[in-house]
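Colleague: A single structure is presented below for examination.
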Amino acid sequence: MAEPAEHPNDTEDLVRLVRVVRQEQGWTPAKLAEAAGVPEAEVARFEAEEIVPAEPLAMRFLAAMGRV
């Protein structure tokens, strides 16, 4: 069975959440990328809402920042 498609608003909300948490913690995109084990370009693509579905990567970023 196929997973339901992620709604564009869901992607926008996830990106906003990750960005707010990152900024609250004083993290740069480079620090988040290093902590999550992804290239910095992946953080930039995520924050530009170019990665869909965003939830798996959002959860990885939030976990790297100790938020899940």
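Order determines the names: the first chain of the structure tokens is A, the second B, and so forth; residues in each chain are numbered 1 upward, and ligands are numbered 1 upward as they are shown.
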Write out as a ChimeraX atom specification each polymer residue whose atoms come within 7 Å of stretch 6-21 of chain A, counting only C-alpha atoms; drop sequence neighbours fewer than 6 positions from it.

Modeller: /A:46-47,49,53-55,58,62

Colleague: Grab the residues selected above and save them as a short mmCIF file (atom, residue, chain, number, x, y, z; two decimals), in the first residue's frame with N, CA, C and O atoms.

Modeller:
data_model
loop_
_atom_site.label_atom_id
_atom_site.label_comp_id
_atom_site.auth_asym_id
_atom_site.auth_seq_id
_atom_site.Cartn_x
_atom_site.Cartn_y
_atom_site.Cartn_z
N PHE A 46 16.49 21.27 2.14
CA PHE A 46 15.36 21.05 3.04
C PHE A 46 14.71 22.39 3.39
O PHE A 46 13.50 22.54 3.30
N GLU A 47 15.53 23.36 3.78
CA GLU A 47 14.99 24.65 4.20
C GLU A 47 14.39 25.43 3.03
O GLU A 47 13.57 26.32 3.25
N GLU A 49 12.53 23.94 0.95
CA GLU A 49 11.35 23.11 0.69
C GLU A 49 11.46 22.35 -0.63
O GLU A 49 10.48 22.12 -1.32
N PRO A 53 9.07 13.66 0.38
CA PRO A 53 8.48 14.07 1.66
C PRO A 53 9.56 14.61 2.60
O PRO A 53 10.68 14.12 2.62
N ALA A 54 9.18 15.57 3.37
CA ALA A 54 10.11 16.23 4.29
C ALA A 54 10.17 15.56 5.65
O ALA A 54 11.15 15.72 6.37
N GLU A 55 9.15 14.80 6.01
CA GLU A 55 9.07 14.26 7.37
C GLU A 55 10.27 13.41 7.78
O GLU A 55 10.80 13.61 8.88
N ALA A 58 13.12 15.77 8.41
CA ALA A 58 12.79 16.64 9.54
C ALA A 58 13.00 15.90 10.85
O ALA A 58 13.58 16.45 11.80
N LEU A 62 15.55 16.93 13.79
CA LEU A 62 15.07 17.18 15.16
C LEU A 62 15.75 16.25 16.15
O LEU A 62 16.12 16.65 17.26
#
